[in-house]
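Peer 1: This is coords12.txt (compact mmCIF, C-alpha atoms).
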```
# COMPACT_ATOMS: atom_id res chain seq x y z
CA MET A 1 142.45 197.44 72.53
CA ASP A 2 140.59 198.94 69.56
CA THR A 3 138.05 201.14 71.34
CA VAL A 4 137.70 202.97 74.65
CA ALA A 5 134.39 204.49 75.77
CA TYR A 6 133.56 207.47 77.92
CA VAL A 7 130.03 207.59 79.36
CA LEU A 8 128.87 211.08 80.31
CA ALA A 9 126.74 210.63 83.42
CA GLY A 10 127.27 213.69 85.57
CA GLY A 11 124.67 216.21 84.46
CA ASN A 12 121.95 217.97 86.43
CA VAL A 13 118.91 217.97 84.13
CA GLU A 14 116.01 220.30 84.86
CA GLY A 15 112.39 219.26 84.47
CA TYR A 16 112.35 216.35 86.93
CA GLY A 17 111.61 218.25 90.11
CA VAL A 18 112.36 216.47 93.38
CA LEU A 19 113.33 213.21 91.65
CA PHE A 20 116.79 214.71 91.09
CA HIS A 21 117.32 215.94 94.63
CA ASN A 22 119.12 212.66 95.43
CA ARG A 23 120.61 211.48 92.13
CA THR A 24 121.75 212.25 88.63
CA LYS A 25 119.57 211.32 85.66
CA ALA A 26 121.67 208.28 84.72
CA ALA A 27 120.79 206.69 88.08
CA LEU A 28 117.03 207.20 87.75
CA PRO A 29 115.02 203.94 88.05
CA PHE A 30 113.20 202.92 84.89
CA ALA A 31 110.97 200.01 83.87
CA GLY A 32 110.81 198.54 87.34
CA HIS A 33 114.26 197.40 88.40
CA TYR A 34 116.49 199.02 85.74
CA ARG A 35 118.36 202.33 85.85
CA ILE A 36 118.74 204.59 82.81
CA ILE A 37 122.52 204.04 82.64
CA ASP A 38 121.88 200.30 82.21
CA PHE A 39 121.07 200.92 78.54
CA ALA A 40 124.43 202.50 77.73
CA LEU A 41 126.43 199.97 79.77
CA SER A 42 124.54 197.00 78.30
CA ASN A 43 125.00 198.31 74.76
CA LEU A 44 128.74 198.68 75.36
CA SER A 45 129.07 195.20 76.84
CA ASN A 46 126.96 193.63 74.08
CA SER A 47 129.18 195.41 71.52
CA ASN A 48 132.26 193.98 73.27
CA ILE A 49 133.57 197.43 74.17
CA THR A 50 135.06 196.55 77.52
CA ALA A 51 137.11 199.57 78.63
CA VAL A 52 134.69 202.17 79.98
CA GLY A 53 135.17 205.39 81.89
CA ILE A 54 132.08 206.89 83.57
CA LEU A 55 132.34 210.64 84.09
CA THR A 56 130.33 211.74 87.12
CA GLN A 57 129.77 214.99 88.97
CA TYR A 58 126.24 215.84 90.10
CA LEU A 59 125.09 213.76 93.14
CA PRO A 60 127.06 210.65 92.08
CA ALA A 61 126.60 208.40 95.14
CA SER A 62 123.56 206.49 93.86
CA LEU A 63 125.17 205.98 90.46
CA ILE A 64 128.47 204.81 91.94
CA GLU A 65 126.68 202.30 94.19
CA HIS A 66 124.72 200.97 91.23
CA VAL A 67 127.64 200.58 88.82
CA ALA A 68 129.94 199.19 91.54
CA GLY A 69 132.75 197.25 89.84
CA GLY A 70 130.93 196.66 86.56
CA ASP A 71 130.43 192.93 87.17
CA ALA A 72 126.76 193.05 86.21
CA TRP A 73 127.70 194.02 82.65
CA ASP A 74 130.73 191.69 82.49
CA LEU A 75 133.00 194.74 82.62
CA HIS A 76 135.30 193.47 85.35
CA GLY A 77 138.26 191.19 84.89
CA TYR A 78 141.21 190.70 82.59
CA ASP A 79 141.13 193.30 79.79
CA ARG A 80 137.74 194.56 81.05
CA MET A 81 137.07 197.57 83.28
CA VAL A 82 134.72 200.27 84.43
CA LYS A 83 136.39 203.31 85.96
CA ILE A 84 134.32 205.89 87.82
CA MET A 85 135.81 209.31 87.06
CA PRO A 86 134.58 212.02 89.46
CA PRO A 87 136.12 215.49 89.68
CA PHE A 88 139.37 215.46 91.64
CA VAL A 89 141.84 217.71 93.38
CA GLY A 90 145.44 217.46 92.24
CA ILE A 91 148.39 219.48 91.06
CA GLY A 92 146.88 222.41 89.24
CA GLN A 93 143.36 220.94 89.54
CA THR A 94 141.15 222.38 92.25
CA THR A 95 137.79 222.85 90.52
CA TRP A 96 134.76 220.85 89.40
CA PHE A 97 134.61 219.72 85.80
CA GLN A 98 133.81 222.82 83.76
CA GLY A 99 131.80 220.85 81.21
CA THR A 100 131.77 217.63 79.20
CA SER A 101 134.87 218.48 77.19
CA ASP A 102 136.82 219.43 80.30
CA ALA A 103 135.74 216.19 81.98
CA VAL A 104 137.14 214.06 79.14
CA TYR A 105 140.29 216.19 78.88
CA ARG A 106 141.08 215.76 82.56
CA ASN A 107 140.64 211.98 82.26
CA LEU A 108 142.63 211.30 79.11
CA ASN A 109 144.85 208.99 81.13
CA LEU A 110 142.45 206.18 80.21
CA VAL A 111 143.26 206.72 76.53
CA TYR A 112 146.99 207.18 77.16
CA ASP A 113 147.13 203.95 79.17
CA LEU A 114 145.15 201.76 76.75
CA ASP A 115 146.17 203.37 73.43
CA PRO A 116 143.00 202.51 71.44
CA GLU A 117 142.40 203.20 67.78
CA ASP A 118 139.15 205.05 68.44
CA VAL A 119 137.27 206.65 71.34
CA ILE A 120 133.50 206.59 71.60
CA ILE A 121 131.87 209.24 73.80
CA LEU A 122 128.20 208.80 74.67
CA SER A 123 125.57 209.79 77.17
CA GLY A 124 124.46 207.55 80.00
CA GLU A 125 121.06 209.26 80.06
CA HIS A 126 119.27 207.89 76.97
CA ILE A 127 116.99 204.91 76.28
CA TYR A 128 117.92 202.81 73.24
CA GLN A 129 119.55 199.62 71.99
CA MET A 130 122.48 199.79 69.59
CA ASP A 131 125.32 197.65 68.28
CA TYR A 132 128.13 200.20 68.32
CA ASN A 133 130.25 197.96 66.09
CA ARG A 134 128.18 198.99 63.07
CA ALA A 135 128.90 202.65 63.72
CA LEU A 136 132.57 201.85 64.36
CA ALA A 137 132.80 199.93 61.06
CA PHE A 138 131.26 202.92 59.23
CA HIS A 139 133.71 205.26 60.99
CA ARG A 140 136.74 203.21 59.90
CA GLU A 141 135.50 202.58 56.36
CA HIS A 142 135.22 206.35 55.86
CA ASP A 143 138.55 207.03 57.61
CA ALA A 144 136.63 209.63 59.61
CA ASP A 145 138.24 211.91 62.16
CA LEU A 146 134.85 212.10 63.83
CA THR A 147 131.59 210.24 63.28
CA ILE A 148 128.35 211.67 64.64
CA VAL A 149 125.57 209.14 65.18
CA ALA A 150 122.31 210.67 63.98
CA LEU A 151 118.64 209.80 63.72
CA ARG A 152 115.84 210.92 61.39
CA MET A 153 113.31 212.42 63.77
CA PRO A 154 109.58 212.70 62.97
CA ARG A 155 108.58 216.34 62.65
CA GLU A 156 106.17 216.18 65.58
CA LYS A 157 109.02 215.12 67.87
CA LEU A 158 111.52 217.78 66.84
CA THR A 159 112.69 220.16 69.54
CA LEU A 160 115.33 222.88 69.56
CA ARG A 161 117.15 221.15 72.40
CA TYR A 162 118.76 218.74 69.88
CA GLY A 163 121.80 219.18 67.69
CA TYR A 164 120.96 219.26 63.97
CA LEU A 165 123.08 218.30 61.00
CA LYS A 166 123.09 218.07 57.25
CA LYS A 167 125.16 215.67 55.14
CA ASP A 168 125.96 215.06 51.50
CA LYS A 169 125.42 211.90 49.46
CA ASP A 170 128.70 210.48 50.80
CA ASN A 171 127.52 210.98 54.41
CA ARG A 172 130.01 213.78 54.99
CA VAL A 173 128.66 216.37 57.42
CA THR A 174 128.16 219.72 55.73
CA LEU A 175 126.52 221.53 58.66
CA PHE A 176 126.18 220.88 62.37
CA LYS A 177 124.59 223.16 64.94
CA GLU A 178 123.76 222.33 68.55
CA LYS A 179 120.47 223.77 69.85
CA PRO A 180 119.89 226.13 66.92
CA LYS A 181 117.26 228.86 66.85
CA ASP A 182 115.54 227.21 63.87
CA TYR A 183 115.14 223.64 62.65
CA LEU A 184 117.88 222.94 60.12
CA SER A 185 116.76 219.46 59.05
CA ASP A 186 115.11 216.35 60.44
CA LEU A 187 118.50 214.73 61.15
CA VAL A 188 119.45 215.05 64.81
CA SER A 189 122.51 214.05 66.78
CA ILE A 190 121.73 211.46 69.47
CA GLY A 191 124.79 212.20 71.58
CA ILE A 192 127.10 209.41 70.38
CA TYR A 193 130.46 210.52 68.93
CA ILE A 194 133.33 208.39 67.63
CA PHE A 195 136.77 210.03 67.40
CA LYS A 196 140.08 208.87 66.10
CA LYS A 197 142.16 208.76 69.24
CA ASP A 198 144.83 211.18 68.02
CA VAL A 199 142.22 213.63 66.72
CA LEU A 200 140.44 213.70 70.06
CA ILE A 201 143.66 214.21 72.02
CA LYS A 202 144.81 217.00 69.69
CA ASN A 203 141.53 218.91 69.91
CA LEU A 204 141.17 218.55 73.67
CA LYS A 205 144.79 219.50 74.37
CA GLU A 206 144.64 222.59 72.14
CA ARG A 207 141.61 223.86 74.02
CA GLY A 208 142.48 222.47 77.43
CA GLU A 209 145.88 224.11 77.60
CA THR A 210 144.31 227.51 76.90
CA GLY A 211 141.41 226.92 79.29
CA SER A 212 138.88 227.19 76.46
CA THR A 213 137.55 223.64 76.57
CA GLN A 214 134.24 223.19 78.41
CA ASN A 215 131.44 221.78 76.31
CA LEU A 216 132.30 218.89 74.00
CA VAL A 217 129.66 219.75 71.42
CA PHE A 218 130.04 223.53 71.27
CA ASP A 219 133.83 223.70 71.74
CA VAL A 220 135.02 220.62 69.85
CA ILE A 221 132.40 219.03 67.61
CA GLU A 222 130.88 222.15 66.08
CA PRO A 223 134.28 223.57 65.02
CA MET A 224 135.36 220.19 63.65
CA ALA A 225 132.13 219.85 61.64
CA ALA A 226 133.01 223.04 59.75
CA GLY A 227 135.98 221.25 58.19
CA PRO A 228 136.63 217.92 56.44
CA GLY A 229 136.76 214.51 58.05
CA VAL A 230 133.42 214.53 59.89
CA PHE A 231 130.77 211.98 58.86
CA ALA A 232 127.24 211.09 59.95
CA TYR A 233 126.15 207.52 60.66
CA GLU A 234 122.36 207.13 60.54
CA PHE A 235 120.81 204.98 63.25
CA ASP A 236 117.38 203.58 62.39
CA GLY A 237 116.25 202.18 65.74
CA TYR A 238 114.37 203.54 68.74
CA TRP A 239 116.04 206.27 70.80
CA ASP A 240 114.66 208.51 73.52
CA TYR A 241 116.04 211.41 75.53
CA LEU A 242 113.38 211.55 78.29
CA ALA A 243 113.54 215.34 78.43
CA ASN A 244 111.44 215.84 81.56
CA VAL A 245 109.37 213.96 84.11
CA ASN A 246 106.28 214.04 81.90
CA HIS A 247 108.23 212.43 79.06
CA TYR A 248 109.64 209.89 81.52
CA TYR A 249 106.12 209.14 82.75
CA GLU A 250 104.64 208.67 79.26
CA THR A 251 107.55 206.46 78.13
CA SER A 252 107.27 204.36 81.28
CA LEU A 253 103.55 203.77 80.82
CA GLY A 254 104.29 202.96 77.17
CA LEU A 255 105.96 199.81 78.49
CA LEU A 256 102.47 198.51 79.27
CA GLU A 257 101.35 198.48 75.63
CA LYS A 258 100.93 195.20 73.77
CA ASP A 259 103.96 195.91 71.58
CA PRO A 260 106.02 198.52 73.46
CA ALA A 261 108.70 200.55 71.71
CA VAL A 262 111.13 199.96 74.58
CA LYS A 263 112.03 196.30 75.09
CA PRO A 264 114.64 195.87 77.84
CA GLY A 265 114.40 192.06 77.77
CA PRO A 266 114.79 191.45 74.01
CA TRP A 267 117.40 194.21 73.91
CA GLU A 268 119.45 192.24 76.48
CA ILE A 269 119.59 195.16 78.90
CA VAL A 270 120.93 194.03 82.26
CA THR A 271 121.15 195.71 85.65
CA ASN A 272 123.04 195.27 88.89
CA LEU A 273 120.97 192.80 90.90
CA GLU A 274 123.22 193.29 93.93
CA ASP A 275 122.05 196.91 94.21
CA ARG A 276 119.35 197.09 96.91
CA ALA A 277 119.52 193.27 96.98
CA LEU A 278 117.33 193.06 93.87
CA GLY A 279 118.50 189.55 93.12
CA TYR A 280 117.44 188.32 96.55
CA ARG A 281 113.90 189.63 96.59
CA PRO A 282 111.08 187.09 96.99
CA PRO A 283 108.74 186.45 94.06
CA LEU A 284 105.84 188.79 93.40
CA TYR A 285 102.86 188.06 95.67
CA ILE A 286 99.32 188.81 94.51
CA GLY A 287 96.79 188.14 97.23
CA PRO A 288 93.22 186.79 96.92
CA SER A 289 91.67 190.28 97.26
CA ALA A 290 94.00 191.89 94.69
CA GLU A 291 93.01 193.25 91.28
CA THR A 292 95.62 194.07 88.65
CA GLU A 293 95.14 195.40 85.14
CA GLN A 294 97.78 196.35 82.56
CA CYS A 295 100.71 196.66 84.99
CA LEU A 296 104.42 196.06 85.20
CA ILE A 297 105.01 194.71 88.71
CA SER A 298 108.52 193.76 89.84
CA PRO A 299 109.76 190.93 92.08
CA GLY A 300 109.46 191.57 95.78
CA CYS A 301 106.14 193.40 95.44
CA ARG A 302 103.14 192.44 97.54
CA ILE A 303 99.74 193.30 96.05
CA GLU A 304 96.52 192.90 98.03
CA GLY A 305 94.73 196.01 96.73
CA THR A 306 94.04 197.27 93.18
CA VAL A 307 96.73 198.31 90.69
CA ARG A 308 95.87 199.59 87.22
CA ASN A 309 98.02 200.94 84.39
CA SER A 310 101.06 201.39 86.61
CA VAL A 311 104.75 200.47 86.92
CA LEU A 312 105.94 199.19 90.30
CA SER A 313 109.61 198.71 91.20
CA PRO A 314 110.77 195.95 93.56
CA GLY A 315 109.46 195.91 97.10
CA VAL A 316 106.29 197.97 96.64
CA GLU A 317 103.43 196.89 98.91
CA VAL A 318 99.80 197.76 98.12
CA GLN A 319 97.56 196.81 101.02
CA GLU A 320 93.97 195.60 100.84
CA GLY A 321 91.52 198.33 99.85
CA ALA A 322 94.25 200.59 98.41
CA LEU A 323 94.10 201.80 94.79
CA VAL A 324 97.03 202.68 92.53
CA GLU A 325 96.22 204.02 89.05
CA ASP A 326 98.30 205.54 86.25
CA SER A 327 101.33 205.75 88.52
CA ILE A 328 105.02 204.92 88.77
CA LEU A 329 106.14 203.77 92.21
CA MET A 330 109.83 203.19 92.82
CA HIS A 331 111.43 200.75 95.22
CA ASP A 332 109.95 199.85 98.60
CA CYS A 333 106.98 202.20 98.69
CA LEU A 334 104.15 201.25 101.06
CA ILE A 335 100.53 202.07 100.17
CA ARG A 336 98.37 201.41 103.19
CA LYS A 337 94.72 200.40 103.37
CA GLY A 338 92.25 202.70 101.70
CA ALA A 339 94.87 204.97 100.10
CA HIS A 340 94.10 206.22 96.58
CA ILE A 341 97.09 207.06 94.37
CA ARG A 342 96.40 208.49 90.90
CA GLY A 343 98.83 209.99 88.38
CA VAL A 344 101.78 209.85 90.77
CA VAL A 345 105.50 209.41 90.20
CA SER A 346 106.90 208.40 93.57
CA ASP A 347 110.53 208.02 94.52
CA LYS A 348 111.75 205.23 96.80
CA ASN A 349 110.76 204.45 100.38
CA VAL A 350 107.61 206.57 100.44
CA LEU A 351 104.84 205.77 102.91
CA PHE A 352 101.28 206.53 101.80
CA GLY A 353 99.13 206.44 104.93
CA GLU A 354 95.70 204.87 105.38
CA ASP A 355 92.87 206.53 103.46
CA CYS A 356 95.10 209.24 102.00
CA THR A 357 94.47 210.56 98.48
CA VAL A 358 97.37 211.72 96.33
CA GLY A 359 97.14 213.07 92.78
CA GLY A 360 94.32 213.27 90.29
CA LYS A 361 93.11 215.51 87.50
CA VAL A 362 93.31 219.28 87.92
CA LYS A 363 91.80 222.27 86.16
CA LYS A 364 93.78 223.58 83.19
CA GLU A 365 94.48 226.90 84.87
CA VAL A 366 96.36 225.22 87.74
CA ARG A 367 100.11 225.53 87.26
CA ASN A 368 103.06 224.47 89.36
CA PRO A 369 105.86 227.08 89.23
CA GLU A 370 108.52 224.43 89.87
CA LEU A 371 107.33 222.26 86.96
CA PRO A 372 106.66 224.76 84.16
CA ASP A 373 107.37 222.28 81.35
CA VAL A 374 105.20 219.44 82.68
CA PRO A 375 101.81 219.60 80.94
CA SER A 376 100.09 216.63 82.53
CA ASP A 377 98.41 216.25 85.92
CA LEU A 378 101.34 214.51 87.56
CA THR A 379 102.10 214.57 91.24
CA ILE A 380 105.71 213.88 92.26
CA VAL A 381 106.67 212.53 95.68
CA GLY A 382 110.27 212.70 96.84
CA LYS A 383 112.30 209.92 98.37
CA GLY A 384 111.44 208.92 101.93
CA ALA A 385 108.39 211.15 102.27
CA ILE A 386 105.58 210.21 104.64
CA ILE A 387 101.99 210.97 103.63
CA GLY A 388 99.83 210.92 106.75
CA GLU A 389 96.49 209.21 107.34
CA LYS A 390 93.57 210.82 105.45
CA VAL A 391 95.87 213.50 103.98
CA ASN A 392 94.63 214.74 100.59
CA ILE A 393 97.15 216.14 98.12
CA GLY A 394 95.76 217.57 94.87
CA GLY A 395 97.24 216.83 91.47
CA TYR A 396 100.16 218.64 89.87
CA SER A 397 101.87 218.89 93.27
CA GLN A 398 105.26 217.95 94.69
CA VAL A 399 106.20 216.55 98.06
CA TYR A 400 109.86 217.13 98.88
CA PRO A 401 112.17 214.28 99.94
CA ASP A 402 111.89 213.16 103.59
CA MET A 403 108.87 215.44 104.15
CA ASP A 404 106.96 214.04 107.13
CA LEU A 405 103.21 214.64 106.91
CA GLY A 406 102.46 211.94 109.46
CA ASN A 407 100.98 214.45 111.91
CA TYR A 408 98.81 216.19 109.30
CA LYS A 409 95.89 213.77 109.59
CA GLY A 410 92.94 214.87 107.48
CA THR A 411 94.73 217.91 105.98
CA ASP A 412 93.82 218.98 102.45
CA PHE A 413 96.57 220.39 100.21
CA ALA A 414 95.43 222.28 97.12
CA PRO A 415 96.49 221.21 93.59
CA GLY A 416 99.71 222.67 92.23
CA ILE A 417 101.37 223.04 95.62
CA ASN A 418 104.99 222.26 96.60
CA ILE A 419 105.17 220.78 100.10
CA ARG A 420 108.54 221.19 101.77
```
Could you express the structure from this file as structure tokens?

Peer 2:
Amino acid sequence: MDTVAYVLAGGNVEGYGVLFHNRTKAALPFAGHYRIIDFALSNLSNSNITAVGILTQYLPASLIEHVAGGDAWDLHGYDRMVKIMPPFVGIGQTTWFQGTSDAVYRNLNLVYDLDPEDVIILSGEHIYQMDYNRALAFHREHDADLTIVALRMPREKLTLRYGYLKKDKDNRVTLFKEKPKDYLSDLVSIGIYIFKKDVLIKNLKERGETGSTQNLVFDVIEPMAAGPGVFAYEFDGYWDYLANVNHYYETSLGLLEKDPAVKPGPWEIVTNLEDRALGYRPPLYIGPSAETEQCLISPGCRIEGTVRNSVLSPGVEVQEGALVEDSILMHDCLIRKGAHIRGVVSDKNVLFGEDCTVGGKVKKEVRNPELPDVPSDLTIVGKGAIIGEKVNIGGYSQVYPDMDLGNYKGTDFAPGINIR
């Protein structure tokens, strides 16, 4: 086997509020019936990289259920595998993973067992389409110890949360710095690293045996980039990090454009249709009283009200007289008669009661202390919440998972509030 892949999918990312109270980012629904990790797994399968370890830690249950045995991505069978790699207790091991580097180090058995030529380590939390074979060919042509996949980022999209690098005319990395204090260039790392197997093992063992290995980028890649043998492969396609819920919201609504930047279908992104019985849902039903405009509506939805500029996951029901605008509603939400939903990101299984109003524009001075980095007027509703009849919840608010407001008929909640 030439290549083994590790998918990093265990992080707790801030900036998503209550959406991450039940899952890790890689398991977040996106574009209707997909999950974010589907992009990484589909890219690996389409690149014929068929030995994959998924490193989990933070709230992994939803992710584990979704990935299952890997059959959806043709990663199950002879010479094909997906291994879920959570933290474990064993001889001398009694702690959580101490970081990304420690997670790979403690799961090197996958590399020892399969003895590949190269190891690709990537995030399961990004949106993009890539043929990894091109990067692998570049890596081998340059006899690189490490290849960092990088992207030229427009200046208006630069942020200090990225890793920045410089390279010479031969594509050799001359400088690499993760999350610097100043912008070093417009060339950013997109979290995909290709190592020679022996180089990876040597670096992880040297640090792991001394207890100094925690973060793959800071503890391994940055020191390696200061020496020879590290090259940069430039990717020229679309890539997105989805830094916070506002970014997630804007990217999701971007799917509704005439020529969207994200194209799950043409990119051959697949998902697990056994998860939540997605493959057994009935066709979309749009009733005679329904109005829809510029929407992405999934199978299993039932629309008898009005839906505009919104993304609906499977099983959402919008009853007659209800209005959904500029919103993202995940699986099996119910919007009852007369409800008005505007600028909402709702997790799964939420009930919006009759004649309730949730979301809407707020004054600029309104701030939500739990969402300091979210500039728009979003309202976020956690999984399984119940919004009672004629309840009014102002914009820029959060409703915590399983919060039951069924007995709060007619109650008004001010904008920017967190209801728990």

Peer 1: Work out how far atom CA of Ala385 of chain A is from atom CA of His247 of chain A, in Å to one decimal.

Peer 2: 23.2 Å

Peer 1: With a distance cut-off of 9 Å and only C-alpha atoms, select the neighbouring residues of segment 275-278 of chain A, excluding the residue or stretch itself and same-chain residues fewer than 2 positions from it, and output the selection as a PDB file with C-alpha atoms, in the frame of the given file.

Peer 2:
```pdb
ATOM      1  CA  HIS A  33     114.260 197.400  88.400  1.00  0.00           C
ATOM      2  CA  GLU A  65     126.680 202.300  94.190  1.00  0.00           C
ATOM      3  CA  HIS A  66     124.720 200.970  91.230  1.00  0.00           C
ATOM      4  CA  VAL A  67     127.640 200.580  88.820  1.00  0.00           C
ATOM      5  CA  ALA A  68     129.940 199.190  91.540  1.00  0.00           C
ATOM      6  CA  THR A 271     121.150 195.710  85.650  1.00  0.00           C
ATOM      7  CA  ASN A 272     123.040 195.270  88.890  1.00  0.00           C
ATOM      8  CA  LEU A 273     120.970 192.800  90.900  1.00  0.00           C
ATOM      9  CA  TYR A 280     117.440 188.320  96.550  1.00  0.00           C
ATOM     10  CA  ARG A 281     113.900 189.630  96.590  1.00  0.00           C
ATOM     11  CA  PRO A 299     109.760 190.930  92.080  1.00  0.00           C
ATOM     12  CA  GLY A 300     109.460 191.570  95.780  1.00  0.00           C
ATOM     13  CA  PRO A 314     110.770 195.950  93.560  1.00  0.00           C
ATOM     14  CA  GLY A 315     109.460 195.910  97.100  1.00  0.00           C
ATOM     15  CA  HIS A 331     111.430 200.750  95.220  1.00  0.00           C
TER      16      HIS A 331
END
```

Peer 1: Around the point (100.2, 214.8, 87.4) (coordinates from the file), which residues reach within 6 Å if we count all atoms listed in the file? Answer as a ChimeraX atom specification.

Peer 2: /A:343,376-379,395-396

Peer 1: Nearest to Tyr400 of chain A: which of A:Tyr132, A:Phe20, A:Tyr285, A:Tyr241 is it, counting only C-alpha atoms?

Peer 2: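 Closest candidate: A:Phe20.
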
Peer 1: Restricting the calculation to only C-alpha atoms: of A:Glu156, A:Asp145, A:Glu320, A:Glu274, which residue gets closest to Ala290 of chain A?

Peer 2: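 Closest to Ala290 of chain A of all the choices is A:Glu320.
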
Peer 1: Using all atoms listed in the file, determine which residues lie at most 10 Å from Asp182 of chain A, disregarding the query and same-chain residues fewer than 4 positions distant; provide the list as a list of chain:residue names.

Peer 2: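 Result of the neighbour search: A:Thr159, A:Leu160, A:Tyr164, A:Lys177.
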
Peer 1: Which neighbours of Ala322 of chain A fall inside 10 Å, counting only C-alpha atoms, when residues of the same chain fewer than 5 positions from it are skipped, and could you give them as JSON, numbers by chain?

Peer 2: {"A": [290, 303, 304, 305, 306, 307, 317, 335, 336, 337, 338, 339, 340, 341, 352, 354, 355, 356, 357]}

Peer 1: At a cut-off of 10 Å, using only C-alpha atoms, what residues contact Val217 of chain A? Leave out same-chain residues fewer than 2 positions from it and give the result as a PyMOL selection string.

Peer 2: chain A and resi 100-101+163+176-178+191+193+214-215+219-224

Peer 1: Which is closest to Pro264 of chain A among A:Arg23, A:Arg35, A:Arg140, A:Lys202, if we use only C-alpha atoms?

Peer 2: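 Closest to Pro264 of chain A, using only C-alpha atoms: A:Arg35.
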
Peer 1: Using all atoms listed in the file, can you tell me which of A:Arg420, A:Ile393, A:Gly237, A:Gln294 comes closest to Lys258 of chain A?

Peer 2: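 Between A:Arg420, A:Ile393, A:Gly237, A:Gln294, the residue approaching Lys258 of chain A most closely is A:Gln294.
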
Peer 1: Could you pull the residues within 12 Å of Lys348 of chain A, counting all atoms listed in the file, minus those fewer than 6 positions along the same chain, as number ranges by chain?

Peer 2: A: 18-19, 22-23, 28-29, 32-33, 276, 312-317, 328-334, 380-386, 401-402

Peer 1: Restricting the calculation to all atoms listed in the file, which member of A:Phe195, A:Tyr78, A:Phe138, A:Tyr58 is positioned closest to Tyr6 of chain A?

Peer 2: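 Distance minimum relative to Tyr6 of chain A lands on A:Phe195.
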
Peer 1: Check the smallest atom-to-atom distance from each of A:Val399, A:Ile54, A:Lys169, A:Val111 to Lys197 of chain A using all atoms listed in the file, then report the winner.

Peer 2: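 Among A:Val399, A:Ile54, A:Lys169, A:Val111, it is A:Val111 that comes nearest to Lys197 of chain A.
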
Peer 1: Up to 8 Å from (109.3, 221.6, 91.5) in the file's coordinates: name the residues, counting only C-alpha atoms, as a PDB file with C-alpha atoms, in the frame of the given file.

Peer 2:
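Final output, out.pdb:
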```
ATOM      1  CA  TYR A  16     112.350 216.350  86.930  1.00  0.00           C
ATOM      2  CA  GLY A  17     111.610 218.250  90.110  1.00  0.00           C
ATOM      3  CA  VAL A  18     112.360 216.470  93.380  1.00  0.00           C
ATOM      4  CA  ASN A 368     103.060 224.470  89.360  1.00  0.00           C
ATOM      5  CA  PRO A 369     105.860 227.080  89.230  1.00  0.00           C
ATOM      6  CA  GLU A 370     108.520 224.430  89.870  1.00  0.00           C
ATOM      7  CA  LEU A 371     107.330 222.260  86.960  1.00  0.00           C
ATOM      8  CA  GLN A 398     105.260 217.950  94.690  1.00  0.00           C
ATOM      9  CA  ASN A 418     104.990 222.260  96.600  1.00  0.00           C
TER      10      ASN A 418
END
```

Peer 1: What separation in Å, quoted to one decimal, exists between atom CA of Trp239 of chain A and atom CA of Ile190 of chain A?

Peer 2: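 Taking atom CA of Trp239 of chain A and atom CA of Ile190 of chain A, their separation equals 7.8 Å.
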
Peer 1: Interatomic distance between atom CA of Asp131 of chain A and atom CA of Tyr238 of chain A?

Peer 2: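 So the answer is 12.4 Å.
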